[in-house]
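Text of the file work_7.pdb, holding PDB, C-alpha atoms:
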ATOM      1  CA  MET A   9     -15.629  17.316  -7.620  1.00  0.00           C
ATOM      2  CA  THR A  10     -15.865  16.286  -3.961  1.00  0.00           C
ATOM      3  CA  PHE A  11     -14.968  13.028  -2.220  1.00  0.00           C
ATOM      4  CA  ASP A  12     -18.737  12.421  -1.814  1.00  0.00           C
ATOM      5  CA  GLN A  13     -18.978  12.057  -5.592  1.00  0.00           C
ATOM      6  CA  LEU A  14     -16.341   9.300  -5.641  1.00  0.00           C
ATOM      7  CA  ASP A  15     -18.630   6.872  -3.748  1.00  0.00           C
ATOM      8  CA  ILE A  16     -16.431   6.839  -0.656  1.00  0.00           C
ATOM      9  CA  ILE A  17     -18.007   5.080   2.346  1.00  0.00           C
ATOM     10  CA  LYS A  18     -19.097   7.185   5.328  1.00  0.00           C
ATOM     11  CA  PRO A  19     -16.405   6.166   7.886  1.00  0.00           C
ATOM     12  CA  ILE A  20     -13.656   7.205   5.436  1.00  0.00           C
ATOM     13  CA  LEU A  21     -15.494  10.417   4.469  1.00  0.00           C
ATOM     14  CA  LYS A  22     -15.727  11.237   8.177  1.00  0.00           C
ATOM     15  CA  ALA A  23     -11.976  10.694   8.562  1.00  0.00           C
ATOM     16  CA  LEU A  24     -11.238  12.842   5.490  1.00  0.00           C
ATOM     17  CA  THR A  25     -13.397  15.661   6.899  1.00  0.00           C
ATOM     18  CA  HIS A  26     -11.520  15.293  10.187  1.00  0.00           C
ATOM     19  CA  GLU A  27      -8.250  15.731   8.250  1.00  0.00           C
ATOM     20  CA  GLY A  28      -9.614  18.818   6.479  1.00  0.00           C
ATOM     21  CA  TYR A  29     -10.008  17.212   3.038  1.00  0.00           C
ATOM     22  CA  THR A  30     -12.874  18.405   0.828  1.00  0.00           C
ATOM     23  CA  ASN A  31     -11.874  18.125  -2.829  1.00  0.00           C
ATOM     24  CA  PRO A  32      -9.683  15.392  -4.340  1.00  0.00           C
ATOM     25  CA  THR A  33      -6.468  16.336  -6.144  1.00  0.00           C
ATOM     26  CA  PRO A  34      -6.186  15.347  -9.840  1.00  0.00           C
ATOM     27  CA  ILE A  35      -4.331  12.105  -9.057  1.00  0.00           C
ATOM     28  CA  GLN A  36      -6.943  11.186  -6.439  1.00  0.00           C
ATOM     29  CA  GLU A  37      -9.817  12.021  -8.777  1.00  0.00           C
ATOM     30  CA  ASN A  38      -8.337   9.883 -11.552  1.00  0.00           C
ATOM     31  CA  ALA A  39      -7.069   6.937  -9.471  1.00  0.00           C
ATOM     32  CA  ILE A  40      -9.685   6.264  -6.781  1.00  0.00           C
ATOM     33  CA  LYS A  41     -12.525   5.017  -9.018  1.00  0.00           C
ATOM     34  CA  PRO A  42     -10.420   2.527 -11.064  1.00  0.00           C
ATOM     35  CA  ILE A  43      -8.912   1.163  -7.840  1.00  0.00           C
ATOM     36  CA  LEU A  44     -12.377   0.805  -6.278  1.00  0.00           C
ATOM     37  CA  ASP A  45     -13.383  -1.077  -9.436  1.00  0.00           C
ATOM     38  CA  GLY A  46     -10.568  -3.576  -8.877  1.00  0.00           C
ATOM     39  CA  ARG A  47      -8.383  -2.518 -11.802  1.00  0.00           C
ATOM     40  CA  ASP A  48      -4.581  -2.493 -11.903  1.00  0.00           C
ATOM     41  CA  LEU A  49      -3.136   0.998 -12.152  1.00  0.00           C
ATOM     42  CA  LEU A  50       0.042   2.620 -13.453  1.00  0.00           C
ATOM     43  CA  ALA A  51       0.271   6.257 -12.371  1.00  0.00           C
ATOM     44  CA  CYS A  52       2.823   9.019 -12.861  1.00  0.00           C
ATOM     45  CA  ALA A  53       2.644  11.275  -9.803  1.00  0.00           C
ATOM     46  CA  GLN A  54       5.156  13.494  -8.057  1.00  0.00           C
ATOM     47  CA  THR A  55       5.532  13.560  -4.275  1.00  0.00           C
ATOM     48  CA  GLY A  56       3.201  16.207  -2.871  1.00  0.00           C
ATOM     49  CA  THR A  57       0.322  15.608  -5.295  1.00  0.00           C
ATOM     50  CA  GLY A  58      -1.697  13.526  -2.822  1.00  0.00           C
ATOM     51  CA  LYS A  59      -0.799  10.161  -4.335  1.00  0.00           C
ATOM     52  CA  THR A  60      -0.693   8.371  -0.974  1.00  0.00           C
ATOM     53  CA  ALA A  61      -4.379   9.154  -0.394  1.00  0.00           C
ATOM     54  CA  ALA A  62      -5.060   8.156  -4.018  1.00  0.00           C
ATOM     55  CA  PHE A  63      -4.253   4.520  -3.204  1.00  0.00           C
ATOM     56  CA  VAL A  64      -4.813   4.301   0.565  1.00  0.00           C
ATOM     57  CA  ILE A  65      -8.446   5.539   0.490  1.00  0.00           C
ATOM     58  CA  PRO A  66      -9.761   3.021  -2.099  1.00  0.00           C
ATOM     59  CA  ILE A  67      -7.708   0.146  -0.648  1.00  0.00           C
ATOM     60  CA  LEU A  68      -9.183   0.785   2.813  1.00  0.00           C
ATOM     61  CA  GLN A  69     -12.661   0.866   1.276  1.00  0.00           C
ATOM     62  CA  ASN A  70     -12.096  -2.343  -0.690  1.00  0.00           C
ATOM     63  CA  LEU A  71     -10.862  -4.106   2.456  1.00  0.00           C
ATOM     64  CA  VAL A  72     -14.011  -3.071   4.325  1.00  0.00           C
ATOM     65  CA  THR A  73     -16.439  -4.021   1.553  1.00  0.00           C
ATOM     66  CA  MET A  74     -14.749  -7.387   0.911  1.00  0.00           C
ATOM     67  CA  GLY A  75     -14.583  -8.282   4.602  1.00  0.00           C
ATOM     68  CA  ARG A  76     -12.054 -10.612   6.196  1.00  0.00           C
ATOM     69  CA  LYS A  77     -12.364 -14.293   5.301  1.00  0.00           C
ATOM     70  CA  ASN A  78     -10.676 -15.355   8.525  1.00  0.00           C
ATOM     71  CA  LYS A  79     -12.653 -13.739  11.365  1.00  0.00           C
ATOM     72  CA  THR A  80     -10.352 -14.959  14.131  1.00  0.00           C
ATOM     73  CA  GLN A  81      -6.964 -14.096  12.636  1.00  0.00           C
ATOM     74  CA  ARG A  82      -5.643 -11.160  10.628  1.00  0.00           C
ATOM     75  CA  ASN A  83      -3.626 -12.091   7.554  1.00  0.00           C
ATOM     76  CA  ILE A  84      -1.684  -9.542   5.523  1.00  0.00           C
ATOM     77  CA  GLU A  85      -3.992  -8.595   2.643  1.00  0.00           C
ATOM     78  CA  VAL A  86      -2.232  -5.418   1.495  1.00  0.00           C
ATOM     79  CA  LEU A  87       1.482  -4.968   0.836  1.00  0.00           C
ATOM     80  CA  ILE A  88       2.800  -1.460   0.162  1.00  0.00           C
ATOM     81  CA  LEU A  89       6.464  -1.238  -0.798  1.00  0.00           C
ATOM     82  CA  ALA A  90       8.271   2.083  -0.329  1.00  0.00           C
ATOM     83  CA  PRO A  91      11.926   2.917  -1.037  1.00  0.00           C
ATOM     84  CA  THR A  92      12.709   4.743   2.217  1.00  0.00           C
ATOM     85  CA  ARG A  93      11.944   4.495   5.893  1.00  0.00           C
ATOM     86  CA  GLU A  94      10.606   8.088   5.872  1.00  0.00           C
ATOM     87  CA  LEU A  95       8.079   7.391   3.108  1.00  0.00           C
ATOM     88  CA  ALA A  96       7.032   4.087   4.693  1.00  0.00           C
ATOM     89  CA  ILE A  97       6.338   5.836   8.014  1.00  0.00           C
ATOM     90  CA  GLN A  98       4.405   8.590   6.212  1.00  0.00           C
ATOM     91  CA  ILE A  99       2.225   6.005   4.420  1.00  0.00           C
ATOM     92  CA  GLY A 100       1.560   4.278   7.747  1.00  0.00           C
ATOM     93  CA  GLN A 101       0.459   7.595   9.264  1.00  0.00           C
ATOM     94  CA  SER A 102      -1.874   8.184   6.304  1.00  0.00           C
ATOM     95  CA  ILE A 103      -3.458   4.747   6.787  1.00  0.00           C
ATOM     96  CA  ASP A 104      -4.011   5.585  10.465  1.00  0.00           C
ATOM     97  CA  ALA A 105      -5.585   8.928   9.541  1.00  0.00           C
ATOM     98  CA  TYR A 106      -7.926   7.761   6.757  1.00  0.00           C
ATOM     99  CA  GLY A 107      -8.775   4.522   8.544  1.00  0.00           C
ATOM    100  CA  LYS A 108      -9.396   6.208  11.903  1.00  0.00           C
ATOM    101  CA  PHE A 109     -12.997   4.922  12.066  1.00  0.00           C
ATOM    102  CA  LEU A 110     -12.307   1.469  10.597  1.00  0.00           C
ATOM    103  CA  ASN A 111     -11.259  -1.766  12.266  1.00  0.00           C
ATOM    104  CA  ILE A 112      -8.135  -2.181  10.142  1.00  0.00           C
ATOM    105  CA  LYS A 113      -4.644  -2.693  11.502  1.00  0.00           C
ATOM    106  CA  ASN A 114      -1.397  -1.790   9.784  1.00  0.00           C
ATOM    107  CA  THR A 115       2.264  -1.886  10.636  1.00  0.00           C
ATOM    108  CA  VAL A 116       5.409  -0.413   9.093  1.00  0.00           C
ATOM    109  CA  ILE A 117       8.688  -2.318   8.821  1.00  0.00           C
ATOM    110  CA  PHE A 118      12.059  -0.910   7.766  1.00  0.00           C
ATOM    111  CA  GLY A 119      15.743  -1.565   8.339  1.00  0.00           C
ATOM    112  CA  GLY A 120      18.276   0.274  10.459  1.00  0.00           C
ATOM    113  CA  VAL A 121      16.475  -0.490  13.731  1.00  0.00           C
ATOM    114  CA  SER A 122      15.894  -3.568  15.877  1.00  0.00           C
ATOM    115  CA  GLN A 123      13.338  -5.887  14.324  1.00  0.00           C
ATOM    116  CA  LYS A 124      11.791  -6.974  17.652  1.00  0.00           C
ATOM    117  CA  THR A 125       9.001  -4.367  17.840  1.00  0.00           C
ATOM    118  CA  GLN A 126       8.175  -4.940  14.167  1.00  0.00           C
ATOM    119  CA  VAL A 127       8.050  -8.729  14.611  1.00  0.00           C
ATOM    120  CA  ASP A 128       5.848  -8.372  17.718  1.00  0.00           C
ATOM    121  CA  SER A 129       3.422  -6.244  15.698  1.00  0.00           C
ATOM    122  CA  LEU A 130       3.375  -8.784  12.841  1.00  0.00           C
ATOM    123  CA  ASN A 131       2.733 -11.611  15.309  1.00  0.00           C
ATOM    124  CA  ARG A 132      -0.330  -9.771  16.664  1.00  0.00           C
ATOM    125  CA  GLY A 133      -1.751  -9.748  13.123  1.00  0.00           C
ATOM    126  CA  VAL A 134      -2.059  -6.940  10.575  1.00  0.00           C
ATOM    127  CA  ASP A 135      -4.231  -6.279   7.544  1.00  0.00           C
ATOM    128  CA  ILE A 136      -1.861  -3.837   5.823  1.00  0.00           C
ATOM    129  CA  LEU A 137       1.928  -4.088   5.759  1.00  0.00           C
ATOM    130  CA  VAL A 138       4.030  -1.104   4.675  1.00  0.00           C
ATOM    131  CA  ALA A 139       7.651  -2.100   4.103  1.00  0.00           C
ATOM    132  CA  THR A 140      11.007  -1.220   2.659  1.00  0.00           C
ATOM    133  CA  PRO A 141      12.292  -4.048   0.420  1.00  0.00           C
ATOM    134  CA  GLY A 142      15.393  -5.077   2.393  1.00  0.00           C
ATOM    135  CA  ARG A 143      13.719  -5.514   5.773  1.00  0.00           C
ATOM    136  CA  LEU A 144      10.720  -7.219   4.153  1.00  0.00           C
ATOM    137  CA  LEU A 145      12.895  -9.852   2.457  1.00  0.00           C
ATOM    138  CA  ASP A 146      14.836 -10.330   5.688  1.00  0.00           C
ATOM    139  CA  LEU A 147      11.683 -10.994   7.732  1.00  0.00           C
ATOM    140  CA  MET A 148      10.267 -13.192   4.962  1.00  0.00           C
ATOM    141  CA  ASP A 149      13.439 -15.299   5.057  1.00  0.00           C
ATOM    142  CA  GLN A 150      13.032 -15.647   8.829  1.00  0.00           C
ATOM    143  CA  GLY A 151       9.432 -16.798   8.403  1.00  0.00           C
ATOM    144  CA  TYR A 152       7.786 -13.782  10.045  1.00  0.00           C
ATOM    145  CA  VAL A 153       5.980 -12.549   6.910  1.00  0.00           C
ATOM    146  CA  ASP A 154       3.606 -14.643   4.803  1.00  0.00           C
ATOM    147  CA  LEU A 155       2.365 -13.093   1.567  1.00  0.00           C
ATOM    148  CA  ASP A 156      -0.069 -15.866   0.575  1.00  0.00           C
ATOM    149  CA  SER A 157      -3.153 -13.766   1.447  1.00  0.00           C
ATOM    150  CA  ILE A 158      -2.130 -10.592  -0.424  1.00  0.00           C
ATOM    151  CA  LYS A 159      -4.997  -9.090  -2.440  1.00  0.00           C
ATOM    152  CA  PHE A 160      -3.462  -5.644  -3.071  1.00  0.00           C
ATOM    153  CA  PHE A 161       0.150  -4.837  -3.953  1.00  0.00           C
ATOM    154  CA  VAL A 162       1.322  -1.211  -4.158  1.00  0.00           C
ATOM    155  CA  LEU A 163       4.742  -0.195  -5.423  1.00  0.00           C
ATOM    156  CA  ASP A 164       5.299   3.448  -4.493  1.00  0.00           C
ATOM    157  CA  GLU A 165       7.988   5.701  -5.993  1.00  0.00           C
ATOM    158  CA  ALA A 166       9.127   2.942  -8.342  1.00  0.00           C
ATOM    159  CA  ASP A 167      11.699   5.158 -10.076  1.00  0.00           C
ATOM    160  CA  ARG A 168      13.316   5.894  -6.720  1.00  0.00           C
ATOM    161  CA  MET A 169      13.445   2.138  -6.054  1.00  0.00           C
ATOM    162  CA  LEU A 170      15.392   1.869  -9.295  1.00  0.00           C
ATOM    163  CA  ASP A 171      17.761   4.707  -8.349  1.00  0.00           C
ATOM    164  CA  MET A 172      18.434   3.136  -4.951  1.00  0.00           C
ATOM    165  CA  GLY A 173      19.157  -0.315  -6.417  1.00  0.00           C
ATOM    166  CA  PHE A 174      16.054  -2.047  -5.055  1.00  0.00           C
ATOM    167  CA  ILE A 175      14.539  -3.296  -8.310  1.00  0.00           C
ATOM    168  CA  ASN A 176      15.883  -6.847  -7.945  1.00  0.00           C
ATOM    169  CA  ASP A 177      14.509  -6.953  -4.381  1.00  0.00           C
ATOM    170  CA  VAL A 178      11.127  -5.781  -5.700  1.00  0.00           C
ATOM    171  CA  LYS A 179      11.176  -8.572  -8.271  1.00  0.00           C
ATOM    172  CA  LYS A 180      12.027 -11.140  -5.567  1.00  0.00           C
ATOM    173  CA  VAL A 181       9.052  -9.964  -3.521  1.00  0.00           C
ATOM    174  CA  SER A 182       6.715  -9.971  -6.530  1.00  0.00           C
ATOM    175  CA  TYR A 183       7.561 -13.623  -7.276  1.00  0.00           C
ATOM    176  CA  LYS A 184       6.200 -14.537  -3.813  1.00  0.00           C
ATOM    177  CA  LEU A 185       2.843 -12.794  -4.320  1.00  0.00           C
ATOM    178  CA  PRO A 186      -0.354 -14.572  -5.378  1.00  0.00           C
ATOM    179  CA  LYS A 187      -1.031 -14.261  -9.105  1.00  0.00           C
ATOM    180  CA  GLU A 188      -4.606 -13.166  -8.396  1.00  0.00           C
ATOM    181  CA  ARG A 189      -4.164  -9.693  -6.914  1.00  0.00           C
ATOM    182  CA  GLN A 190      -4.676  -6.023  -7.679  1.00  0.00           C
ATOM    183  CA  THR A 191      -1.427  -4.181  -8.438  1.00  0.00           C
ATOM    184  CA  LEU A 192      -0.842  -0.425  -8.294  1.00  0.00           C
ATOM    185  CA  LEU A 193       2.415   1.142  -9.429  1.00  0.00           C
ATOM    186  CA  PHE A 194       3.250   4.800  -8.779  1.00  0.00           C
ATOM    187  CA  SER A 195       6.299   6.547 -10.201  1.00  0.00           C
ATOM    188  CA  ALA A 196       7.300  10.196 -10.652  1.00  0.00           C
ATOM    189  CA  THR A 197       9.058   9.361 -13.936  1.00  0.00           C
ATOM    190  CA  MET A 198       8.795   6.425 -16.310  1.00  0.00           C
ATOM    191  CA  PRO A 199      12.293   5.222 -17.314  1.00  0.00           C
ATOM    192  CA  GLU A 200      12.507   2.151 -19.542  1.00  0.00           C
ATOM    193  CA  GLU A 201      13.372  -0.167 -16.652  1.00  0.00           C
ATOM    194  CA  ILE A 202      10.211   0.883 -14.806  1.00  0.00           C
ATOM    195  CA  GLU A 203       8.109   0.368 -17.955  1.00  0.00           C
ATOM    196  CA  LYS A 204       9.489  -3.181 -18.202  1.00  0.00           C
ATOM    197  CA  LEU A 205       8.748  -3.781 -14.525  1.00  0.00           C
ATOM    198  CA  ALA A 206       5.210  -2.429 -14.947  1.00  0.00           C
ATOM    199  CA  ASN A 207       4.654  -4.797 -17.857  1.00  0.00           C
ATOM    200  CA  THR A 208       5.594  -7.785 -15.696  1.00  0.00           C
ATOM    201  CA  LEU A 209       3.562  -6.690 -12.621  1.00  0.00           C
ATOM    202  CA  LEU A 210       0.369  -5.239 -14.092  1.00  0.00           C
TER
END

As structure tokens:
Amino acid sequence: MTFDQLDIIKPILKALTHEGYTNPTPIQENAIKPILDGRDLLACAQTGTGKTAAFVIPILQNLVTMGRKNKTQRNIEVLILAPTRELAIQIGQSIDAYGKFLNIKNTVIFGGVSQKTQVDSLNRGVDILVATPGRLLDLMDQGYVDLDSIKFFVLDEADRMLDMGFINDVKKVSYKLPKERQTLLFSATMPEEIEKLANTLL
């Protein structure tokens, strides 16, 4: 199978060719179509299997095909939660790469650094927010992040969130999300706590 056969739009196909992608990995082949169809997804995928592309590509496409309701202002329509700063940055780079030929803006927020640059980016308006849970909750409490327009919620490496003690933070964030949304949960393993979380989110 090729990416052409997954009904990917031309600007994203062009970006994938630019990145040297030709054939989807198994997780991409199995995840992209259901996500394009608007379905919630629970996926077991190890790091290194191409899972970031498996959710970023169809989310970018769905954003383009849906169009922005507010033409003058960008509201956060996609929230991607990651357990570590390194993974969050990597996801942001993937969005930049696959969305190279699209008019979609993203920013990455994480703790351990000054929040000023991150807040400035949020104030300019973004379509996709990639965040670690602690910094996200902090900026939400300060009124810099509004999740009312979220259409897509991705929880990446959910089992690692559990290991790092972030599950309660994830739950706090999920309570603030609109009920009408598409939710995607990725985890390398499926411990009982993650199954319970999946049952509440999906």

Got a sec to resolve the PyMOL selection byres ((chain A and resi 70) around 12) on this structure and send the residues as a ChimeraX atom specification?
/A:15-17,20,40-47,63-69,71-76,85-86,107,110,112,159-160,190

Counting all atoms listed in the file, which residues sit no farther than 12 Å from the position (-3.6, 4.9, 7.6) in the file's frame? I'd like them as a PyMOL selection string.
chain A and resi 20+23-24+27+60-61+63-69+88+96-116+135-138

Residues within 9 Å of Leu50 (chain A), all atoms listed in the file, excluding chain neighbours under 3 positions, as JSON, numbers by chain:
{"A": [191, 192, 193, 194, 195, 206, 210]}

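With only C-alpha atoms as the basis for measurement, A:Leu89 is the residue among A:Leu89, A:Ile35, A:Leu147, A:Leu209 that approaches Asp164 (chain A) most closely.
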
If you count all atoms listed in the file, which residues fall within 8 Å of Thr197 (chain A), apart from same-chain ones fewer than 4 positions away, as a PyMOL selection string?
chain A and resi 52-53+167

Judged by all atoms listed in the file, the minimum distance to Ala196 (chain A) among A:Gly173, A:Gln54, A:Met9, A:Arg93 is found for A:Gln54

Residues within 9 Å of Leu185 (chain A), please, as a ChimeraX atom specification. Count all atoms listed in the file; anything in the same chain fewer than 5 positions from it doesn't count.
/A:155-159,161

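In this structure, CA of Lys184 (chain A) sits 9.0 Å away from CA of Asp154 (chain A).
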
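Here CA of Leu49 (chain A) and CA of Thr30 (chain A) stand 23.8 Å from one another.
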
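Closest approach to Leu144 (chain A) among A:Val181, A:Val162, A:Val121, A:Ile175 is made by A:Val181 (distances from all atoms listed in the file).
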
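Reported to one decimal place, the separation of CA of Lys179 (chain A) from CA of Gly151 (chain A) is 18.7 Å.
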
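Nearest to Arg168 (chain A) of all the residues A:Ile117, A:Asp149, A:Lys204, A:Pro199 is A:Pro199, based on all atoms listed in the file.
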
Run through the PyMOL selection byres ((chain A and resi 119) around 8) on the given coordinates and return the selected residues as a ChimeraX atom specification.
/A:93,117-118,120-123,140,142-143

Show me the residues around (2.0, -12.9, 11.4) - criterion: an atom at most 9 Å away, all atoms listed in the file counted - as JSON, numbers by chain.
{"A": [82, 83, 84, 127, 128, 129, 130, 131, 132, 133, 134, 151, 152, 153, 154]}
